[in-house]
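Let me begin by presenting the structure, written as structure tokens, before commenting on it.
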Amino acid sequence: MKLSLHYLRSRSDERKALLQKLRNLVCHKNERKVCCARETGPIWKKVFSHDTAGGLFTNTEDAKKKNIHDDDADLFSVLYNLQSMRNNDGVFHFKLCYPELTQYPIPCNEWIQSSNPLLESSITGYAGIAVTWTQNGIGGPFQGLGLSPPSFSYNLIDDAPNHVNWYNSIGSLTYWGGSDTIPGPRLGPGLAVKKKELYVRYIPKQNIVVTGYHYQYFPWNQPNFRFKVQATTDVHVLFAPGDGEDGYEIVIGGWNNGQSVIRRGRQGTSLSSNIQTPGIVSPSEFRGFWITTEVKNGKLEIKVGKEGENVPFMSGNDNNPLQRNYVALASWTSNTATYQFATTTTTTPPPTLSTFTVEEGNETIVQLNNYQKSTGILVMKVPAHKDYSESEFMVQQESNTLMLKTGGLCQLADLPEYMNVSDMADNFENRQVDESATERKIKYVLKEREARYGSQKREELLPEARDLCKTMQLVKTNDFEVNETSYEKLARGEVAILENLRSSGGRRSKRGACLKFTACIEGGPQACGNRGWTDPTPPHRSISFHDISMTNFCINCYLQKFGDQCNEDAKLCLCKNMKNKNDLIACKVPGAVTTKIRLTEDIGRRKSETRVENTVEETQTMLYNKNEAGASIGISAGTLEVVMHAHPDGFWHEGTAYGGIIRNNWLMKIQDEQVCYISTLKDDVYPVDIALGINEIKTGNDETTEDDEVDTHVLLLDKGPLDTTDLHIDITRHCKNLEYKKFVETPITKTQSEDLKNGKPIFLNSRSDSNCELTTATMSQHSGSWRYPNTDGAKLWIHQIVHVGINVTCCLNSHDQPTCCQDKFKYYCECKDVTQATFKQCGEDKTKQVLFVATGQDLEGLLSSVEILTEADSGMYRSRQVDVGGCSGVGSFPIKTSSATGALFNDLPHVCPEYKDGEPSRECFKFKIDGSWEEGFNLQEALKDWGSSVVFDDWEGVTTAWWIVGGEPDGFQPEVWGGNPPHDISNEIKLPNTINHASTRHKPCIAKISEHEAFVTAVPKDVAAGSNFAWIFNIQSNTWDILPVTIEKRLGVSCGFLNTASGRFVVLAGGYSSSTTEIFDLDTRTWSLGPDIGVNLYGGSMVSVKDDQELLLVGGYSTTALSDIRRMDPSMSSWETVGQLTT
């Protein structure tokens, strides 16, 4: 299929079309049965396409009928058959598309018109539906297509048929705008295109073969019936109240194809005289007819005419009309008639379509109106314009319904008393409003959010309203009118204090001398719509109303008129204290809200094979605490307790406007576990929004069900102990005498959640390491669930199932290297051996990782000291003497220096200083197993002012290779040392830019990111740069991959690699006069800002630990030398101080 079907045909349409083709293949005659299954809905049919790769049409006849059995051909047309493709309203529903114009969201014009563009140059009955290009070929409004007169000789059809311009050309006979292009839509000078496609939407006509005088019935209650028939004689059509019943019989070509008549009843009383119609039907071709049945002044008028003629050839009247809900088809005795008509199972008459056009500033706004008289539903669609989203209004008088769909939200309100739906529809239809000379009146309407509806409440709505809002939130609103000043104040985000218009007819409500007002603030999308009519009294002025609405949060607030007259409840909501959304919500949301959830559990099958279900009821209680420490919500849901709180000075829990970022404001606590898990709320989660949403759900629903929920599953990962300073009082109240721990929330699948529930381990955070894969095995200690409002879609709740996990690291072998885990990671269990029984044993720490720190600077000058640190159970790093293969004491480094590079090389720490005795040094020293130092090897070039390095396990066959950057005078040539004893294996590797090495501040930073790749960042020497350059070097291909430059210029930056559950990242920290962090996502290749360090820092050392799951930032310089050890965990949300160097 060609691209354009992407715009026009849904999958269900394609399926219907395919099924119909299959049905046609098995169609056969049957004396009493309709031989083909009936199509139940309209389809889009391609009737014309032109791709200039196939050239041009030869002439207009060629453009009418070309490659009719191949709609993928470059030149295709079935326009010759267009007349048979009118819809049930007798009009054409067109869509003209340009597949090349992909810069437009929908590169099509869609409209209806009554005139046939193959036969008529005058365009009539136009109504736009979705018009992308609003001009026709002569600069006027687009009004459809018409037949181009032969005198112009350019084409068959275009949008200005009586003018020489021929835009939106159909059947082009010559090129325009280029050697292989033809006219497209008019936009400025016009668009030249190579491809175009024209579609018609209609219900396909199927062959219905009947033999004899045996009526076949079809549901039909529309006033117009159009059909084609092929017969020798005796075409019989019957309109009846019910299936199989008698009714009005129309005979065409009876009496041997000589006469026609209208009767009441089969062979019944004639309602017309017998009309002479010799040869009216044909045995060799299909001929078209139309029949209308319409009640006027209590009488039924029946008219019968020929296709293409407006004047009936036969008419009849009945003073006692019968219902007409079915149409039936027959012939006579042994005669056969083959009918074609757009069969449908619907009994709904077609809607009345109209438009309402207004000018707003420089924009022309076309409102599309659709009125279904049988249901009394009027739908008004307003396109997006100015600050208003696309809006769709649905109104119905009988149910008192006003529905507004806009901005991803549906809002249900009571229909205002001043709205008469049928009058509005009539005036739209009859075009009584002179839009150019209309008196415009504007109404400003506030839509106060009251409740949110779930599945049970939606079932009480009109089916059409349910369908309109089936994919989005539905809130119940209380609508009231305000003046323009108040509306504009709200639009600016301010609180507006209004007279209590909501409940007292526009008058202030009094409680003694305590006056009640309404306080509102903006709380959702804005929309606008139009309605209008002509005043029936002289001078018959046209009046239109422009309704502008805004969704709001509103409360009652109070004013003490004389003295202290308000009670205690009213004093909590004094109007003078209503400054922002937080203040309003504090008054709107009650202190406690309990919601009920009714669930159906499937408890399996019994021997009878009948599925057994059990209904259970759950409750969840929210406490909203409006305290000085910041508004908080506490939620109790079975075994799980959740506490969240905001900033004490405002609605938002983050931002400088409210005193800066707050952290550790989210508690998750599961009963029976003696731990409180604490984290920081995500940027887009606000407790007051959750409180308001829960209150709306409670207000709108007595109970909710599983149909109102979206299940999600998360795992809480323990990230170590927490500093409990400055925790919110509502968190500490829940956690008396309990342990505090930090947590990270990790999404998991439903299958993983079920495995955890059933005591099975799941595996997370897999990472490849040569031929092995280290991964995290997790099991659930405890679980629970809670519900919070869903902000995306129709369902009310996000039902979050929470597991608290414990982890061990295990190893996965590859198929090619079945002993890899034993060879490379012998201290880890293999993942296949991790079970509930072995979990604890596999989690025992069999190794002791140490942090090795040598040299530096303090207040007294350069250092030669060495420290070995280990992580205590508390998560803090402590300096201590340890047994390193027999080492009982650690010797100082041979040289005092603050500028050196080091690595674990040939299984021993090696350090290369930049200076010795004041002179540049080429010496590199190694730390021996007995705790002493000795010279290892000499570099080719001294490091001088700087040096950075990284070790690879294998470099061109050399085991353990140390890549050192910084010795070459011009800052261009690195060195590579490998083997044991070490030897120079440098090759033709050159840095991609000359790197500035004027001082330690300019030194580059290198981090290993895989077994054969390193990340490098530096400030170039010979290029003016406002940022650091960055690359990835691949030792296997000896290539440099240029990366985006950093956000900030960072001199003396520290860098390291993290491999987390959410991806692979390089972290840059600090730089001269910088305390910020940047994070580079290696998968998306983008930079983003990370957490602040808390102090300007440059020249620090960064190392990846715990299998690249954490980073340690050690030492560095600020205004003086620093001794802090800082840690970043996989969440990358903060730097935490986890120790101090002692020297």
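Residue numbers start at 1 in each chain; chains themselves are named A, B, ... in the order of the structure tokens; ligands are numbered from 1 in the order shown.
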Need to verify the contact set: A:Pro189, 12 Å, only C-alpha atoms, exclusion of same-chain residues closer than 6 positions in sequence. Can you return it as an MDAnalysis selection string?
chainID A and resid 135:139 165 167 177 183
Just C-alpha atoms for this one: save the residues we selected as an mmCIF file, in the first residue's frame.
```cif
data_model
loop_
_atom_site.group_PDB
_atom_site.id
_atom_site.type_symbol
_atom_site.label_atom_id
_atom_site.label_comp_id
_atom_site.auth_asym_id
_atom_site.auth_seq_id
_atom_site.Cartn_x
_atom_site.Cartn_y
_atom_site.Cartn_z
ATOM 1 C CA GLN A 135 -7.131 28.744 0.016
ATOM 2 C CA ASN A 136 -8.277 27.787 -3.444
ATOM 3 C CA GLY A 137 -6.369 28.527 -6.654
ATOM 4 C CA ILE A 138 -7.474 32.152 -6.879
ATOM 5 C CA GLY A 139 -6.844 33.081 -3.241
ATOM 6 C CA ASN A 165 -5.490 28.715 -12.271
ATOM 7 C CA TYR A 167 -4.317 24.187 -8.150
ATOM 8 C CA GLY A 177 6.355 24.244 -11.616
ATOM 9 C CA PRO A 183 0.033 21.723 -9.142
#
```
Those of stretch 82-286 of chain A in DSSP strand (DSSP E or B), formatted as an MDAnalysis selection string:
chainID A and resid 92:97 108:113 127:131 135 141 146:147 157:158 170 182:183 192:193 195:202 206:211 216:219 224:231 235:240 248:253 259:264 269:270 275:276
Can you write out the residues you just picked, keeping C-alpha atoms, as a PDB file, in the first residue's frame?
```pdb
ATOM      1  CA  PHE A  92     -19.580  13.192  -1.493  1.00  0.00           C
ATOM      2  CA  HIS A  93     -17.144  12.913   1.424  1.00  0.00           C
ATOM      3  CA  PHE A  94     -13.703  13.628  -0.073  1.00  0.00           C
ATOM      4  CA  LYS A  95     -10.124  13.620   1.172  1.00  0.00           C
ATOM      5  CA  LEU A  96      -7.301  14.896  -1.058  1.00  0.00           C
ATOM      6  CA  CYS A  97      -3.805  14.027   0.185  1.00  0.00           C
ATOM      7  CA  CYS A 108      -4.756  16.395   3.417  1.00  0.00           C
ATOM      8  CA  ASN A 109      -7.928  18.422   2.901  1.00  0.00           C
ATOM      9  CA  GLU A 110     -11.139  16.675   4.002  1.00  0.00           C
ATOM     10  CA  TRP A 111     -14.582  17.996   3.154  1.00  0.00           C
ATOM     11  CA  ILE A 112     -18.048  17.178   1.809  1.00  0.00           C
ATOM     12  CA  GLN A 113     -19.819  18.592  -1.239  1.00  0.00           C
ATOM     13  CA  ALA A 127     -18.662  21.919   4.242  1.00  0.00           C
ATOM     14  CA  GLY A 128     -15.085  21.686   5.484  1.00  0.00           C
ATOM     15  CA  ILE A 129     -14.139  18.937   7.955  1.00  0.00           C
ATOM     16  CA  ALA A 130     -10.343  19.058   8.306  1.00  0.00           C
ATOM     17  CA  VAL A 131      -8.803  21.526   5.885  1.00  0.00           C
ATOM     18  CA  GLN A 135      -7.131  28.744   0.016  1.00  0.00           C
ATOM     19  CA  PRO A 141     -11.495  30.062   0.591  1.00  0.00           C
ATOM     20  CA  GLY A 146     -15.227  21.018  -9.791  1.00  0.00           C
ATOM     21  CA  LEU A 147     -14.986  20.066 -13.472  1.00  0.00           C
ATOM     22  CA  ILE A 157     -10.718  18.732 -12.205  1.00  0.00           C
ATOM     23  CA  ASP A 158      -9.382  21.494  -9.910  1.00  0.00           C
ATOM     24  CA  ILE A 170      -6.902  16.097 -10.641  1.00  0.00           C
ATOM     25  CA  ILE A 182       2.121  19.214 -11.144  1.00  0.00           C
ATOM     26  CA  PRO A 183       0.033  21.723  -9.142  1.00  0.00           C
ATOM     27  CA  ALA A 192       4.479  21.865  -6.948  1.00  0.00           C
ATOM     28  CA  VAL A 193       4.184  18.151  -6.172  1.00  0.00           C
ATOM     29  CA  LYS A 195       2.234  12.729  -5.919  1.00  0.00           C
ATOM     30  CA  LYS A 196      -1.387  13.161  -4.960  1.00  0.00           C
ATOM     31  CA  GLU A 197      -4.266  10.873  -4.014  1.00  0.00           C
ATOM     32  CA  LEU A 198      -8.037  11.414  -3.841  1.00  0.00           C
ATOM     33  CA  TYR A 199     -10.299   9.317  -1.606  1.00  0.00           C
ATOM     34  CA  VAL A 200     -14.064   9.052  -1.100  1.00  0.00           C
ATOM     35  CA  ARG A 201     -15.704   7.847   2.108  1.00  0.00           C
ATOM     36  CA  TYR A 202     -18.942   5.936   1.625  1.00  0.00           C
ATOM     37  CA  GLN A 206     -23.228  -4.785  -2.512  1.00  0.00           C
ATOM     38  CA  ASN A 207     -25.061  -6.955  -5.005  1.00  0.00           C
ATOM     39  CA  ILE A 208     -28.290  -8.277  -3.488  1.00  0.00           C
ATOM     40  CA  VAL A 209     -29.937 -10.843  -5.731  1.00  0.00           C
ATOM     41  CA  VAL A 210     -33.610 -11.715  -5.178  1.00  0.00           C
ATOM     42  CA  THR A 211     -35.867 -13.992  -7.201  1.00  0.00           C
ATOM     43  CA  GLN A 216     -35.632  -9.512   1.893  1.00  0.00           C
ATOM     44  CA  TYR A 217     -35.613  -7.047   4.851  1.00  0.00           C
ATOM     45  CA  PHE A 218     -32.887  -4.644   5.997  1.00  0.00           C
ATOM     46  CA  PRO A 219     -32.883  -2.140   8.887  1.00  0.00           C
ATOM     47  CA  ASN A 224     -33.589   8.964   1.636  1.00  0.00           C
ATOM     48  CA  PHE A 225     -33.034   5.613  -0.058  1.00  0.00           C
ATOM     49  CA  ARG A 226     -30.727   5.466  -3.078  1.00  0.00           C
ATOM     50  CA  PHE A 227     -30.111   2.262  -4.981  1.00  0.00           C
ATOM     51  CA  LYS A 228     -29.260   0.750  -8.336  1.00  0.00           C
ATOM     52  CA  VAL A 229     -30.959  -2.224  -9.869  1.00  0.00           C
ATOM     53  CA  GLN A 230     -30.545  -4.530 -12.856  1.00  0.00           C
ATOM     54  CA  ALA A 231     -33.744  -6.369 -13.873  1.00  0.00           C
ATOM     55  CA  VAL A 235     -38.566  -3.956  -9.217  1.00  0.00           C
ATOM     56  CA  HIS A 236     -40.336  -4.042  -5.820  1.00  0.00           C
ATOM     57  CA  VAL A 237     -39.248  -1.907  -2.834  1.00  0.00           C
ATOM     58  CA  LEU A 238     -41.130  -1.997   0.498  1.00  0.00           C
ATOM     59  CA  PHE A 239     -40.791   0.326   3.553  1.00  0.00           C
ATOM     60  CA  ALA A 240     -42.128  -1.370   6.709  1.00  0.00           C
ATOM     61  CA  TYR A 248     -45.467   0.953   1.623  1.00  0.00           C
ATOM     62  CA  GLU A 249     -44.752  -0.839  -1.670  1.00  0.00           C
ATOM     63  CA  ILE A 250     -43.111   0.905  -4.609  1.00  0.00           C
ATOM     64  CA  VAL A 251     -43.172  -0.939  -7.935  1.00  0.00           C
ATOM     65  CA  ILE A 252     -40.843   0.259 -10.698  1.00  0.00           C
ATOM     66  CA  GLY A 253     -41.080  -1.261 -14.184  1.00  0.00           C
ATOM     67  CA  GLN A 259     -45.687   0.883 -15.532  1.00  0.00           C
ATOM     68  CA  SER A 260     -44.837   2.020 -11.978  1.00  0.00           C
ATOM     69  CA  VAL A 261     -46.960   2.599  -8.848  1.00  0.00           C
ATOM     70  CA  ILE A 262     -46.918   3.429  -5.105  1.00  0.00           C
ATOM     71  CA  ARG A 263     -49.157   1.384  -2.780  1.00  0.00           C
ATOM     72  CA  ARG A 264     -49.988   1.096   0.918  1.00  0.00           C
ATOM     73  CA  THR A 269     -54.289   0.402  -2.081  1.00  0.00           C
ATOM     74  CA  SER A 270     -52.593   2.643  -4.609  1.00  0.00           C
ATOM     75  CA  ILE A 275     -47.406   5.821 -14.153  1.00  0.00           C
ATOM     76  CA  GLN A 276     -46.382   4.815 -17.663  1.00  0.00           C
TER      77      GLN A 276
END
```
Do you know which residues are at most 12 Å from A:Tyr1072 counting only C-alpha atoms, after dropping those on the same chain fewer than 4 positions away, and could you put them as a compact mmCIF listing (two decimals) with C-alpha atoms, in the first residue's frame?
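The result, stored in selection.txt:
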```
# COMPACT_ATOMS: atom_id res chain seq x y z
CA SER A 999 48.82 23.70 34.56
CA THR A 1000 47.05 21.11 36.68
CA ARG A 1001 43.83 23.00 36.05
CA HIS A 1002 44.05 22.11 32.37
CA LYS A 1003 44.74 18.40 32.73
CA GLU A 1048 30.28 24.08 30.87
CA LYS A 1049 34.00 24.64 30.45
CA ARG A 1050 35.69 22.58 33.17
CA LEU A 1051 39.38 23.02 34.00
CA GLY A 1052 40.81 20.30 36.24
CA VAL A 1053 37.62 18.26 36.02
CA SER A 1054 37.20 14.81 37.61
CA THR A 1076 28.37 21.50 39.32
CA VAL A 1095 31.76 23.30 46.97
CA ASN A 1096 33.91 24.53 44.08
CA LEU A 1097 36.32 21.66 43.41
CA TYR A 1098 39.03 20.89 40.84
CA GLY A 1099 41.88 18.41 40.60
CA GLY A 1100 40.09 15.65 42.53
CA GLY A 1116 40.72 18.01 45.22
CA TYR A 1117 41.26 21.71 45.58
CA SER A 1118 38.96 24.61 46.33
CA THR A 1119 40.31 27.67 48.14
```
Could you tell me how far atom CA of A:Cys554 lies from atom CA of A:Lys588, in Å and to one decimal?
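Going from atom CA of A:Cys554 over to atom CA of A:Lys588 covers 7.9 Å.
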List the spatial neighbours of A:Tyr175 as a list in words - criterion: any atom at most 9 Å away, only C-alpha atoms, same-chain residues fewer than 4 positions off excluded.
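Result of the neighbour search: Thr52, Leu56, Tyr154, Ser179, Asp180, Thr181, Ile182 and Pro183 of chain A.
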Those residues with all heavy atoms, as a PDB file, in the first residue's frame please?
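Saved the output as out_9.pdb:
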```
ATOM      1  N   THR A  52       4.011  11.308 -10.775  1.00  0.00           N
ATOM      2  CA  THR A  52       4.577  11.745 -12.066  1.00  0.00           C
ATOM      3  C   THR A  52       5.736  10.872 -12.520  1.00  0.00           C
ATOM      4  O   THR A  52       6.222  11.038 -13.635  1.00  0.00           O
ATOM      5  CB  THR A  52       5.045  13.203 -11.991  1.00  0.00           C
ATOM      6  OG1 THR A  52       6.035  13.337 -10.961  1.00  0.00           O
ATOM      7  CG2 THR A  52       3.867  14.127 -11.704  1.00  0.00           C
ATOM      8  N   LEU A  56       2.166  11.601 -17.392  1.00  0.00           N
ATOM      9  CA  LEU A  56       0.926  12.362 -17.317  1.00  0.00           C
ATOM     10  C   LEU A  56      -0.223  11.561 -17.914  1.00  0.00           C
ATOM     11  O   LEU A  56      -0.008  10.578 -18.647  1.00  0.00           O
ATOM     12  CB  LEU A  56       1.066  13.681 -18.080  1.00  0.00           C
ATOM     13  CG  LEU A  56       2.138  14.657 -17.579  1.00  0.00           C
ATOM     14  CD1 LEU A  56       2.389  15.736 -18.619  1.00  0.00           C
ATOM     15  CD2 LEU A  56       1.720  15.271 -16.253  1.00  0.00           C
ATOM     16  N   TYR A 154      -5.844  21.929 -19.341  1.00  0.00           N
ATOM     17  CA  TYR A 154      -4.723  21.566 -18.471  1.00  0.00           C
ATOM     18  C   TYR A 154      -4.982  20.256 -17.719  1.00  0.00           C
ATOM     19  O   TYR A 154      -4.055  19.523 -17.406  1.00  0.00           O
ATOM     20  CB  TYR A 154      -4.476  22.662 -17.421  1.00  0.00           C
ATOM     21  CG  TYR A 154      -4.150  24.016 -17.974  1.00  0.00           C
ATOM     22  CD1 TYR A 154      -4.790  25.159 -17.502  1.00  0.00           C
ATOM     23  CD2 TYR A 154      -3.183  24.157 -18.969  1.00  0.00           C
ATOM     24  CE1 TYR A 154      -4.488  26.403 -17.999  1.00  0.00           C
ATOM     25  CE2 TYR A 154      -2.877  25.414 -19.476  1.00  0.00           C
ATOM     26  CZ  TYR A 154      -3.534  26.539 -18.990  1.00  0.00           C
ATOM     27  OH  TYR A 154      -3.219  27.766 -19.493  1.00  0.00           O
ATOM     28  N   SER A 179      10.007  20.181 -14.260  1.00  0.00           N
ATOM     29  CA  SER A 179       9.981  19.239 -15.375  1.00  0.00           C
ATOM     30  C   SER A 179       9.220  17.963 -15.041  1.00  0.00           C
ATOM     31  O   SER A 179       8.883  17.191 -15.944  1.00  0.00           O
ATOM     32  CB  SER A 179      11.407  18.881 -15.792  1.00  0.00           C
ATOM     33  OG  SER A 179      12.102  18.275 -14.703  1.00  0.00           O
ATOM     34  N   ASP A 180       8.952  17.713 -13.755  1.00  0.00           N
ATOM     35  CA  ASP A 180       8.238  16.489 -13.385  1.00  0.00           C
ATOM     36  C   ASP A 180       7.272  16.737 -12.240  1.00  0.00           C
ATOM     37  O   ASP A 180       7.003  15.858 -11.430  1.00  0.00           O
ATOM     38  CB  ASP A 180       9.230  15.392 -13.007  1.00  0.00           C
ATOM     39  CG  ASP A 180      10.111  15.762 -11.819  1.00  0.00           C
ATOM     40  OD1 ASP A 180      10.107  16.944 -11.436  1.00  0.00           O
ATOM     41  OD2 ASP A 180      10.792  14.866 -11.292  1.00  0.00           O
ATOM     42  N   THR A 181       6.733  17.969 -12.147  1.00  0.00           N
ATOM     43  CA  THR A 181       5.801  18.297 -11.066  1.00  0.00           C
ATOM     44  C   THR A 181       4.496  18.831 -11.618  1.00  0.00           C
ATOM     45  O   THR A 181       4.427  19.313 -12.764  1.00  0.00           O
ATOM     46  CB  THR A 181       6.403  19.340 -10.104  1.00  0.00           C
ATOM     47  OG1 THR A 181       6.796  20.509 -10.849  1.00  0.00           O
ATOM     48  CG2 THR A 181       7.615  18.771  -9.395  1.00  0.00           C
ATOM     49  N   ILE A 182       3.461  18.765 -10.787  1.00  0.00           N
ATOM     50  CA  ILE A 182       2.121  19.214 -11.144  1.00  0.00           C
ATOM     51  C   ILE A 182       1.579  20.055  -9.989  1.00  0.00           C
ATOM     52  O   ILE A 182       2.129  20.023  -8.885  1.00  0.00           O
ATOM     53  CB  ILE A 182       1.197  18.015 -11.439  1.00  0.00           C
ATOM     54  CG1 ILE A 182       1.223  17.014 -10.268  1.00  0.00           C
ATOM     55  CG2 ILE A 182       1.602  17.324 -12.737  1.00  0.00           C
ATOM     56  CD1 ILE A 182       0.344  15.794 -10.456  1.00  0.00           C
ATOM     57  N   PRO A 183       0.508  20.818 -10.204  1.00  0.00           N
ATOM     58  CA  PRO A 183       0.033  21.723  -9.142  1.00  0.00           C
ATOM     59  C   PRO A 183      -0.522  20.964  -7.939  1.00  0.00           C
ATOM     60  O   PRO A 183      -1.335  20.049  -8.070  1.00  0.00           O
ATOM     61  CB  PRO A 183      -1.074  22.540  -9.832  1.00  0.00           C
ATOM     62  CG  PRO A 183      -0.833  22.376 -11.286  1.00  0.00           C
ATOM     63  CD  PRO A 183      -0.243  21.009 -11.452  1.00  0.00           C
TER      64      PRO A 183
END
```
For stretch 923-929 of chain A, please output as a PyMOL selection string all residues within 10 Å (counting only C-alpha atoms; exclusion window: fewer than 3 positions along the same chain).
chain A and resi 883-888+890-895+900-916+920+932-943
Please save C-alpha atoms of the selected residues as a tab-separated table (two decimals), in the first residue's frame.
```tsv
chain	number	residue	atom	x	y	z
A	883	ASP	CA	46.77	-7.17	55.52
A	884	VAL	CA	47.55	-6.89	51.80
A	885	GLY	CA	49.21	-10.23	51.11
A	886	GLY	CA	51.39	-9.96	54.19
A	887	CYS	CA	51.60	-6.19	54.44
A	888	SER	CA	51.55	-4.99	58.04
A	890	VAL	CA	52.43	0.97	54.51
A	891	GLY	CA	55.44	2.99	53.50
A	892	SER	CA	55.25	6.58	52.28
A	893	PHE	CA	55.62	7.39	48.61
A	894	PRO	CA	59.24	8.17	47.67
A	895	ILE	CA	58.42	11.72	46.50
A	900	ALA	CA	50.58	12.37	39.75
A	901	THR	CA	48.66	9.71	37.90
A	902	GLY	CA	48.20	6.17	39.14
A	903	ALA	CA	46.55	2.85	38.38
A	904	LEU	CA	46.33	-0.78	39.41
A	905	PHE	CA	48.86	-2.12	36.89
A	906	ASN	CA	50.04	-5.77	36.84
A	907	ASP	CA	47.95	-6.32	39.99
A	908	LEU	CA	49.90	-3.70	42.00
A	909	PRO	CA	49.34	0.02	42.57
A	910	HIS	CA	51.63	2.15	40.35
A	911	VAL	CA	52.13	5.92	40.59
A	912	CYS	CA	53.90	8.24	38.14
A	913	PRO	CA	54.65	11.68	39.65
A	914	GLU	CA	55.13	14.77	37.55
A	915	TYR	CA	58.08	16.24	39.45
A	916	LYS	CA	60.98	14.95	41.54
A	920	PRO	CA	60.10	16.99	35.67
A	932	SER	CA	57.37	-0.74	50.27
A	933	TRP	CA	57.87	1.19	47.05
A	934	GLU	CA	60.34	0.59	44.24
A	935	GLU	CA	60.99	2.06	40.82
A	936	GLY	CA	58.96	0.35	38.16
A	937	PHE	CA	59.86	1.91	34.82
A	938	ASN	CA	60.68	5.27	33.20
A	939	LEU	CA	58.32	7.09	30.82
A	940	GLN	CA	59.58	8.32	27.47
A	941	GLU	CA	58.51	11.87	28.38
A	942	ALA	CA	58.08	13.46	31.80
A	943	LEU	CA	54.49	14.26	32.74
```
I'd like to know which of A:Ser1073, A:Thr333, A:Gln857, A:Gln222 is closest to A:Leu1122, using only C-alpha atoms.
A:Gln857
Can you tell me, as a VMD selection string, what residues are no more than 9 Å from A:Ala637 when counting only C-alpha atoms, ignoring any on the same chain fewer than 3 positions away?
chain A and resid 618 to 622 640 to 642 784 to 787
Determine, counting only C-alpha atoms, which protein, DNA and RNA residues have an atom within 9 Å of an atom of stretch 470-476 of chain A; residues of the same chain fewer than 6 positions away are not included. Present the result as a list of chain:residue names.
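Non-adjacent residues within range: A:Lys405, A:Gly408, A:Leu409, A:Cys410, A:Gln411, A:Leu412, A:Ala413, A:Lys447, A:Glu448, A:Arg449, A:Glu450, A:Ala451, A:Arg452, A:Tyr453, A:Gly454, A:Arg458, A:Glu696, A:Gly700, A:Asn790, A:Thr791, A:Asp792, A:Gly793, A:Ala794, A:Lys795, A:Leu796.
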